[in-house]
Amino acid sequence: IAEREAMARECPIDVYYSSQNPRAAWPFKLNRAGKQSPATAKSCATMLVDAGYANLTDTPEIAMTAHRTDADLVIARDLTSHHPAVGDDRDRHEDSITLAFHTALWLDELRGTSDVSVGKWPVSHDATVMLPLQPPYGEQLDWLDEPHESGNAAEPVRALDRFNHFAVGGLQDLDTPRERIQALDTVREYVGDDAYVHALAPGTEPRMLYELRQCPDLVDSLDVSTPENAPANNKLPDKFGKQHKHLLPTGTDISTVRAGYAAAIVMQLAFLLTSI
């Protein structure tokens with residue numbers, strides 16, 4: 001266990017994986033909002049709560065998940081995690097970043113509070129709030145760099161003065177690792193070296209892992225779902241990311257067996273992201 005945790009810590013990029021299995025211990029885990037599991041939170045050292053792509057979770061439920069999992073990081077909601085596309089791309093782009101901005105402000109105001117509820121949902125939390133970004137990244141960052149009205153603030157708020165943690169989404173829609181690296185480079189150059197940048201599902205192809213090894217300062221962390229999903233689908237990935245059939249047994253406590261495979265997969269990814 002100590003050697004496995006050392007490998008996770010020595011990797012220049014924190015590798016989070018989406019997991020609802022409390023039997024799969026790993027320092028960094030991601031939970032989707034609305035799927036809170038205090039038991040899963042106890043199986044990691046750092047918990048990240050994500051609104052989730054195409055998830056109908058409302059903002060209070062995101063805060064409740066952060067509360068119940070004692071999360072360390074929470075990603076604010078944007079349109080990718082709520083509504084299907086409405087209107088043209090320009091309207092959707094502005095609506096998405098506006099929603100993210102106001103959601104992040106509300107979540108940030110709850111941070112460090114106690115005994116705050118929305119109905120029966122406890123929403124107080126201690127998590128650091130991350131602003132979600134979607135392409136076109138430069139335009140969204142330009143918008144965040146300008147002051148905007150906030151319902152609870154006497155003066156307009158400049159989001160880049162308030163937040164320095166960012167979650168970069170939309171990477172899976174970019175075809176090549178080079179495009180994804182360029183997108184992450186755009187964000188990093190804009191927000192600076194002191195900001196925290198998380199890559200949402202950037203891909204695990206050999207070229208992508210090579211580029212991240214060459215430029216580990218582009219991101220502070222990333223997340224993948226393969227460790228959870230592959231064993232559940234009777235598959236295991238090789239070092240090139242190609243998944244192969246591996247028929248696992250079924251029955252009582254099979255989740256413990258799958259947890260072992262999940263831990264091995266995420267450990268392999270951390271190994272591949274470290275200079276070797």
# chains A, B, ... in the order shown; residues from 1 in each chain; ligands from 1

$ residues_around --residues "A:Met267" --least-positions-apart "3" --cutoff "9 Å" --atoms "only C-alpha atoms" --output "list in words"
Arg4, Met7, Ala8, Val15, Trp26, Ala262, Ala263, Ala264, Ala270, Phe271 and Leu272 of chain A

$ write_last_selection --atoms "all heavy atoms" --output "mmCIF file, in the first residue's frame"
data_model
loop_
_atom_site.group_PDB
_atom_site.id
_atom_site.type_symbol
_atom_site.label_atom_id
_atom_site.label_comp_id
_atom_site.auth_asym_id
_atom_site.auth_seq_id
_atom_site.Cartn_x
_atom_site.Cartn_y
_atom_site.Cartn_z
ATOM 1 N N ARG A 4 2.382 1.793 -3.435
ATOM 2 C CA ARG A 4 1.373 2.259 -4.390
ATOM 3 C C ARG A 4 1.083 3.737 -4.174
ATOM 4 O O ARG A 4 0.966 4.519 -5.137
ATOM 5 C CB ARG A 4 0.090 1.436 -4.224
ATOM 6 C CG ARG A 4 -0.986 1.810 -5.237
ATOM 7 C CD ARG A 4 -2.149 0.846 -5.179
ATOM 8 N NE ARG A 4 -2.847 0.903 -3.896
ATOM 9 C CZ ARG A 4 -3.743 -0.001 -3.501
ATOM 10 N NH1 ARG A 4 -4.005 -1.040 -4.268
ATOM 11 N NH2 ARG A 4 -4.360 0.138 -2.335
ATOM 12 N N MET A 7 3.868 5.850 -5.534
ATOM 13 C CA MET A 7 3.793 5.980 -6.990
ATOM 14 C C MET A 7 2.788 7.050 -7.384
ATOM 15 O O MET A 7 3.029 7.862 -8.290
ATOM 16 C CB MET A 7 3.427 4.639 -7.621
ATOM 17 C CG MET A 7 3.392 4.677 -9.142
ATOM 18 S SD MET A 7 3.042 3.043 -9.851
ATOM 19 C CE MET A 7 4.569 2.190 -9.446
ATOM 20 N N ALA A 8 1.664 7.080 -6.680
ATOM 21 C CA ALA A 8 0.640 8.088 -6.973
ATOM 22 C C ALA A 8 1.162 9.486 -6.695
ATOM 23 O O ALA A 8 0.929 10.428 -7.456
ATOM 24 C CB ALA A 8 -0.616 7.812 -6.141
ATOM 25 N N VAL A 15 -3.648 11.809 -10.630
ATOM 26 C CA VAL A 15 -4.586 11.051 -11.459
ATOM 27 C C VAL A 15 -5.820 10.700 -10.630
ATOM 28 O O VAL A 15 -5.744 9.905 -9.693
ATOM 29 C CB VAL A 15 -3.935 9.769 -12.013
ATOM 30 C CG1 VAL A 15 -4.944 9.012 -12.893
ATOM 31 C CG2 VAL A 15 -2.678 10.095 -12.806
ATOM 32 N N TRP A 26 -7.424 4.500 -3.514
ATOM 33 C CA TRP A 26 -6.492 5.284 -4.331
ATOM 34 C C TRP A 26 -6.515 6.702 -3.787
ATOM 35 O O TRP A 26 -7.577 7.176 -3.363
ATOM 36 C CB TRP A 26 -6.876 5.256 -5.806
ATOM 37 C CG TRP A 26 -5.935 6.005 -6.714
ATOM 38 C CD1 TRP A 26 -6.157 7.216 -7.303
ATOM 39 C CD2 TRP A 26 -4.627 5.597 -7.121
ATOM 40 N NE1 TRP A 26 -5.074 7.583 -8.068
ATOM 41 C CE2 TRP A 26 -4.111 6.605 -7.962
ATOM 42 C CE3 TRP A 26 -3.837 4.480 -6.852
ATOM 43 C CZ2 TRP A 26 -2.854 6.530 -8.544
ATOM 44 C CZ3 TRP A 26 -2.577 4.410 -7.437
ATOM 45 C CH2 TRP A 26 -2.103 5.419 -8.270
ATOM 46 N N ALA A 262 -9.201 -2.257 -10.834
ATOM 47 C CA ALA A 262 -9.302 -0.797 -10.996
ATOM 48 C C ALA A 262 -8.066 -0.114 -10.440
ATOM 49 O O ALA A 262 -7.495 0.793 -11.069
ATOM 50 C CB ALA A 262 -10.558 -0.275 -10.301
ATOM 51 N N ALA A 263 -7.631 -0.546 -9.258
ATOM 52 C CA ALA A 263 -6.437 0.052 -8.655
ATOM 53 C C ALA A 263 -5.210 -0.194 -9.516
ATOM 54 O O ALA A 263 -4.350 0.683 -9.657
ATOM 55 C CB ALA A 263 -6.230 -0.517 -7.251
ATOM 56 N N ALA A 264 -5.133 -1.362 -10.130
ATOM 57 C CA ALA A 264 -3.994 -1.665 -10.997
ATOM 58 C C ALA A 264 -3.995 -0.794 -12.250
ATOM 59 O O ALA A 264 -2.942 -0.333 -12.713
ATOM 60 C CB ALA A 264 -4.013 -3.145 -11.380
ATOM 61 N N ALA A 270 -0.663 6.145 -13.755
ATOM 62 C CA ALA A 270 0.265 7.023 -13.024
ATOM 63 C C ALA A 270 1.699 6.674 -13.378
ATOM 64 O O ALA A 270 2.544 7.563 -13.536
ATOM 65 C CB ALA A 270 0.035 6.892 -11.521
ATOM 66 N N PHE A 271 1.987 5.400 -13.517
ATOM 67 C CA PHE A 271 3.330 4.943 -13.905
ATOM 68 C C PHE A 271 3.698 5.469 -15.291
ATOM 69 O O PHE A 271 4.803 5.958 -15.517
ATOM 70 C CB PHE A 271 3.365 3.421 -13.868
ATOM 71 C CG PHE A 271 4.681 2.822 -14.283
ATOM 72 C CD1 PHE A 271 5.750 2.779 -13.403
ATOM 73 C CD2 PHE A 271 4.847 2.285 -15.553
ATOM 74 C CE1 PHE A 271 6.971 2.223 -13.779
ATOM 75 C CE2 PHE A 271 6.061 1.743 -15.947
ATOM 76 C CZ PHE A 271 7.125 1.710 -15.046
ATOM 77 N N LEU A 272 2.749 5.392 -16.224
ATOM 78 C CA LEU A 272 3.006 5.818 -17.604
ATOM 79 C C LEU A 272 3.142 7.334 -17.720
ATOM 80 O O LEU A 272 3.747 7.841 -18.679
ATOM 81 C CB LEU A 272 1.903 5.329 -18.525
ATOM 82 C CG LEU A 272 1.860 3.815 -18.764
ATOM 83 C CD1 LEU A 272 0.586 3.432 -19.518
ATOM 84 C CD2 LEU A 272 3.095 3.347 -19.527
#

$ select_by_dssp --residues "stretch 126-261 of chain A" --states "alpha helix (DSSP H)" --output "short mmCIF file (atom, residue, chain, number, x, y, z; two decimals) with N, CA and C atoms, in the first residue's frame"
data_model
loop_
_atom_site.label_atom_id
_atom_site.label_comp_id
_atom_site.auth_asym_id
_atom_site.auth_seq_id
_atom_site.Cartn_x
_atom_site.Cartn_y
_atom_site.Cartn_z
N TYR A 137 -11.89 28.23 -25.45
CA TYR A 137 -11.35 28.53 -24.13
C TYR A 137 -10.91 29.98 -24.00
N GLY A 138 -10.26 30.50 -25.03
CA GLY A 138 -9.79 31.88 -24.96
C GLY A 138 -10.93 32.86 -24.75
N GLU A 139 -12.05 32.64 -25.45
CA GLU A 139 -13.19 33.55 -25.32
C GLU A 139 -13.83 33.44 -23.94
N GLN A 140 -13.91 32.23 -23.41
CA GLN A 140 -14.46 32.08 -22.06
C GLN A 140 -13.57 32.77 -21.03
N LEU A 141 -12.27 32.63 -21.19
CA LEU A 141 -11.35 33.27 -20.25
C LEU A 141 -11.40 34.79 -20.39
N ASP A 142 -11.57 35.28 -21.61
CA ASP A 142 -11.74 36.73 -21.80
C ASP A 142 -12.98 37.21 -21.04
N TRP A 143 -14.08 36.43 -21.11
CA TRP A 143 -15.32 36.79 -20.41
C TRP A 143 -15.07 36.81 -18.90
N LEU A 144 -14.37 35.82 -18.39
CA LEU A 144 -14.09 35.74 -16.96
C LEU A 144 -13.12 36.82 -16.49
N ALA A 159 -14.18 37.32 -12.25
CA ALA A 159 -14.03 35.93 -11.82
C ALA A 159 -12.58 35.52 -11.64
N LEU A 160 -11.68 36.03 -12.49
CA LEU A 160 -10.27 35.63 -12.39
C LEU A 160 -9.59 36.23 -11.17
N ASP A 161 -10.24 37.20 -10.52
CA ASP A 161 -9.74 37.69 -9.23
C ASP A 161 -10.23 36.80 -8.08
N ARG A 162 -11.35 36.14 -8.31
CA ARG A 162 -12.01 35.36 -7.24
C ARG A 162 -11.56 33.89 -7.26
N PRO A 177 -4.37 14.20 -29.87
CA PRO A 177 -3.65 14.64 -28.67
C PRO A 177 -3.02 16.01 -28.83
N ARG A 178 -2.52 16.32 -30.02
CA ARG A 178 -1.88 17.61 -30.24
C ARG A 178 -2.87 18.75 -30.03
N GLU A 179 -4.12 18.58 -30.53
CA GLU A 179 -5.14 19.60 -30.33
C GLU A 179 -5.46 19.77 -28.85
N ARG A 180 -5.52 18.67 -28.12
CA ARG A 180 -5.83 18.74 -26.69
C ARG A 180 -4.70 19.42 -25.92
N ILE A 181 -3.48 19.11 -26.30
CA ILE A 181 -2.33 19.76 -25.65
C ILE A 181 -2.35 21.26 -25.94
N GLN A 182 -2.65 21.63 -27.17
CA GLN A 182 -2.71 23.05 -27.52
C GLN A 182 -3.82 23.76 -26.74
N ALA A 183 -4.95 23.08 -26.54
CA ALA A 183 -6.04 23.66 -25.76
C ALA A 183 -5.60 23.88 -24.32
N LEU A 184 -4.95 22.88 -23.73
CA LEU A 184 -4.46 23.02 -22.35
C LEU A 184 -3.39 24.10 -22.25
N ASP A 185 -2.58 24.23 -23.29
CA ASP A 185 -1.55 25.26 -23.30
C ASP A 185 -2.18 26.65 -23.35
N THR A 186 -3.28 26.79 -24.10
CA THR A 186 -4.01 28.06 -24.16
C THR A 186 -4.49 28.47 -22.77
N VAL A 187 -5.07 27.50 -22.05
CA VAL A 187 -5.56 27.79 -20.71
C VAL A 187 -4.42 28.12 -19.77
N ARG A 188 -3.38 27.31 -19.78
CA ARG A 188 -2.25 27.53 -18.85
C ARG A 188 -1.60 28.88 -19.10
N GLU A 189 -1.41 29.25 -20.35
CA GLU A 189 -0.76 30.53 -20.66
C GLU A 189 -1.62 31.70 -20.17
N TYR A 190 -2.94 31.53 -20.24
CA TYR A 190 -3.84 32.61 -19.83
C TYR A 190 -3.89 32.75 -18.31
N VAL A 191 -4.03 31.64 -17.60
CA VAL A 191 -4.26 31.72 -16.15
C VAL A 191 -2.97 31.78 -15.35
N PRO A 206 -1.14 6.70 -26.23
CA PRO A 206 0.31 6.84 -26.00
C PRO A 206 0.84 8.24 -26.32
N ARG A 207 0.35 8.84 -27.41
CA ARG A 207 0.85 10.17 -27.77
C ARG A 207 0.44 11.21 -26.74
N MET A 208 -0.78 11.10 -26.21
CA MET A 208 -1.24 12.05 -25.20
C MET A 208 -0.41 11.91 -23.93
N LEU A 209 -0.14 10.69 -23.51
CA LEU A 209 0.67 10.47 -22.32
C LEU A 209 2.09 10.97 -22.54
N TYR A 210 2.62 10.77 -23.74
CA TYR A 210 3.97 11.26 -24.05
C TYR A 210 4.02 12.79 -23.95
N GLU A 211 3.02 13.45 -24.53
CA GLU A 211 3.00 14.93 -24.50
C GLU A 211 2.90 15.44 -23.07
N LEU A 212 2.08 14.78 -22.25
CA LEU A 212 1.94 15.20 -20.86
C LEU A 212 3.22 14.95 -20.07
N ARG A 213 3.93 13.87 -20.39
CA ARG A 213 5.22 13.64 -19.73
C ARG A 213 6.23 14.72 -20.11
N GLN A 214 6.15 15.17 -21.36
CA GLN A 214 7.06 16.21 -21.82
C GLN A 214 6.72 17.57 -21.21
N THR A 226 -11.74 4.97 -17.08
CA THR A 226 -11.36 3.62 -17.49
C THR A 226 -11.17 2.65 -16.31
N PRO A 227 -10.49 3.04 -15.23
CA PRO A 227 -10.30 2.08 -14.14
C PRO A 227 -11.60 1.54 -13.56
N GLU A 228 -12.64 2.34 -13.56
CA GLU A 228 -13.93 1.89 -13.04
C GLU A 228 -14.71 1.13 -14.10
N ASN A 229 -14.69 1.62 -15.34
CA ASN A 229 -15.56 1.07 -16.38
C ASN A 229 -15.02 -0.19 -17.03
N ALA A 230 -13.71 -0.25 -17.25
CA ALA A 230 -13.16 -1.39 -17.99
C ALA A 230 -13.41 -2.72 -17.28
N PRO A 231 -13.05 -2.88 -15.99
CA PRO A 231 -13.33 -4.16 -15.34
C PRO A 231 -14.83 -4.49 -15.29
N ALA A 232 -15.66 -3.46 -15.13
CA ALA A 232 -17.11 -3.69 -15.10
C ALA A 232 -17.61 -4.23 -16.43
N ILE A 254 -17.72 -9.74 -5.79
CA ILE A 254 -16.96 -9.52 -7.02
C ILE A 254 -16.47 -8.08 -7.09
N SER A 255 -17.16 -7.14 -6.37
CA SER A 255 -16.72 -5.75 -6.37
C SER A 255 -15.32 -5.61 -5.77
N THR A 256 -14.96 -6.51 -4.86
CA THR A 256 -13.61 -6.48 -4.30
C THR A 256 -12.59 -6.88 -5.35
N VAL A 257 -12.93 -7.87 -6.17
CA VAL A 257 -12.03 -8.29 -7.26
C VAL A 257 -11.89 -7.17 -8.28
N ARG A 258 -13.01 -6.57 -8.67
CA ARG A 258 -12.96 -5.47 -9.63
C ARG A 258 -12.16 -4.30 -9.07
N ALA A 259 -12.28 -4.06 -7.77
CA ALA A 259 -11.53 -2.97 -7.14
C ALA A 259 -10.03 -3.18 -7.31
N GLY A 260 -9.59 -4.44 -7.21
CA GLY A 260 -8.17 -4.73 -7.39
C GLY A 260 -7.70 -4.41 -8.80
N TYR A 261 -8.52 -4.77 -9.78
CA TYR A 261 -8.18 -4.45 -11.17
C TYR A 261 -8.21 -2.94 -11.41
#

$ closest_residue --among "A:Leu110, A:Ile97, A:Ala41, A:Met64" --to "A:Leu79" --atoms "only C-alpha atoms"
A:Ile97

$ atom_distance --atom1 "atom CA of A:Thr250" --atom2 "atom CA of A:Asn234"
10.5 Å

$ select_by_dssp --residues "stretch 3-247 of chain A" --states "strand (DSSP E)" --output "ChimeraX atom specification"
/A:14-18,28-32,46-50,73-75,117-118,121-122,128-133,147-148,157-158,165-168,196-200,221-224,235-237,243-245

$ residues_around --residues "A:Asp108" --least-positions-apart "5" --cutoff "10 Å" --atoms "only C-alpha atoms" --output "list in words"
Ala63, Val74, Ala76, His102, Thr103, Thr113, His125, Asp126, Ala127, Thr128, Val129, Met130, Arg162 and Phe163 of chain A

$ write_last_selection --atoms "N, CA and C atoms" --output "PDB file, in the first residue's frame"
ATOM      1  N   ALA A  63     -23.608  20.908  -4.169  1.00  0.00           N
ATOM      2  CA  ALA A  63     -23.130  21.319  -2.850  1.00  0.00           C
ATOM      3  C   ALA A  63     -23.396  20.243  -1.804  1.00  0.00           C
ATOM      4  N   VAL A  74     -14.556  20.988  -5.798  1.00  0.00           N
ATOM      5  CA  VAL A  74     -15.872  20.839  -6.412  1.00  0.00           C
ATOM      6  C   VAL A  74     -15.916  21.689  -7.679  1.00  0.00           C
ATOM      7  N   ALA A  76     -17.960  23.660 -10.483  1.00  0.00           N
ATOM      8  CA  ALA A  76     -19.247  24.323 -10.665  1.00  0.00           C
ATOM      9  C   ALA A  76     -19.938  23.804 -11.923  1.00  0.00           C
ATOM     10  N   HIS A 102     -22.000  32.119 -12.004  1.00  0.00           N
ATOM     11  CA  HIS A 102     -22.911  32.319 -10.883  1.00  0.00           C
ATOM     12  C   HIS A 102     -22.970  31.085  -9.973  1.00  0.00           C
ATOM     13  N   THR A 103     -22.877  29.896 -10.564  1.00  0.00           N
ATOM     14  CA  THR A 103     -22.830  28.679  -9.744  1.00  0.00           C
ATOM     15  C   THR A 103     -21.590  28.675  -8.872  1.00  0.00           C
ATOM     16  N   THR A 113     -18.997  27.592   5.631  1.00  0.00           N
ATOM     17  CA  THR A 113     -20.177  27.862   6.440  1.00  0.00           C
ATOM     18  C   THR A 113     -20.569  26.598   7.210  1.00  0.00           C
ATOM     19  N   HIS A 125     -20.036  23.281   2.892  1.00  0.00           N
ATOM     20  CA  HIS A 125     -18.908  22.432   2.486  1.00  0.00           C
ATOM     21  C   HIS A 125     -17.609  23.197   2.672  1.00  0.00           C
ATOM     22  N   ASP A 126     -16.498  22.484   2.543  1.00  0.00           N
ATOM     23  CA  ASP A 126     -15.171  23.097   2.675  1.00  0.00           C
ATOM     24  C   ASP A 126     -14.345  22.951   1.403  1.00  0.00           C
ATOM     25  N   ALA A 127     -14.984  22.595   0.305  1.00  0.00           N
ATOM     26  CA  ALA A 127     -14.253  22.313  -0.932  1.00  0.00           C
ATOM     27  C   ALA A 127     -13.835  23.594  -1.655  1.00  0.00           C
ATOM     28  N   THR A 128     -12.672  23.546  -2.277  1.00  0.00           N
ATOM     29  CA  THR A 128     -12.235  24.617  -3.163  1.00  0.00           C
ATOM     30  C   THR A 128     -13.033  24.534  -4.460  1.00  0.00           C
ATOM     31  N   VAL A 129     -13.543  25.674  -4.918  1.00  0.00           N
ATOM     32  CA  VAL A 129     -14.416  25.697  -6.095  1.00  0.00           C
ATOM     33  C   VAL A 129     -13.591  25.869  -7.365  1.00  0.00           C
ATOM     34  N   MET A 130     -13.901  25.035  -8.365  1.00  0.00           N
ATOM     35  CA  MET A 130     -13.223  25.096  -9.654  1.00  0.00           C
ATOM     36  C   MET A 130     -14.189  25.619 -10.716  1.00  0.00           C
ATOM     37  N   ARG A 162     -11.355  36.142  -8.305  1.00  0.00           N
ATOM     38  CA  ARG A 162     -12.006  35.359  -7.241  1.00  0.00           C
ATOM     39  C   ARG A 162     -11.563  33.885  -7.260  1.00  0.00           C
ATOM     40  N   PHE A 163     -11.276  33.345  -8.435  1.00  0.00           N
ATOM     41  CA  PHE A 163     -10.984  31.920  -8.569  1.00  0.00           C
ATOM     42  C   PHE A 163      -9.645  31.699  -9.270  1.00  0.00           C
TER      43      PHE A 163
END

$ closest_residue --among "A:Pro132, A:Pro12, A:Pro237, A:Pro147" --to "A:Ile75" --atoms "only C-alpha atoms"
A:Pro132

$ atom_distance --atom1 "atom CA of A:Pro135" --atom2 "atom CA of A:Thr274"
28.1 Å

$ atom_distance --atom1 "atom CA of A:Asp145" --atom2 "atom CA of A:Ile13"
26.6 Å

$ closest_residue --among "A:Gln20, A:Ser117, A:Ser96, A:Thr46" --to "A:Ser221" --atoms "only C-alpha atoms"
A:Thr46
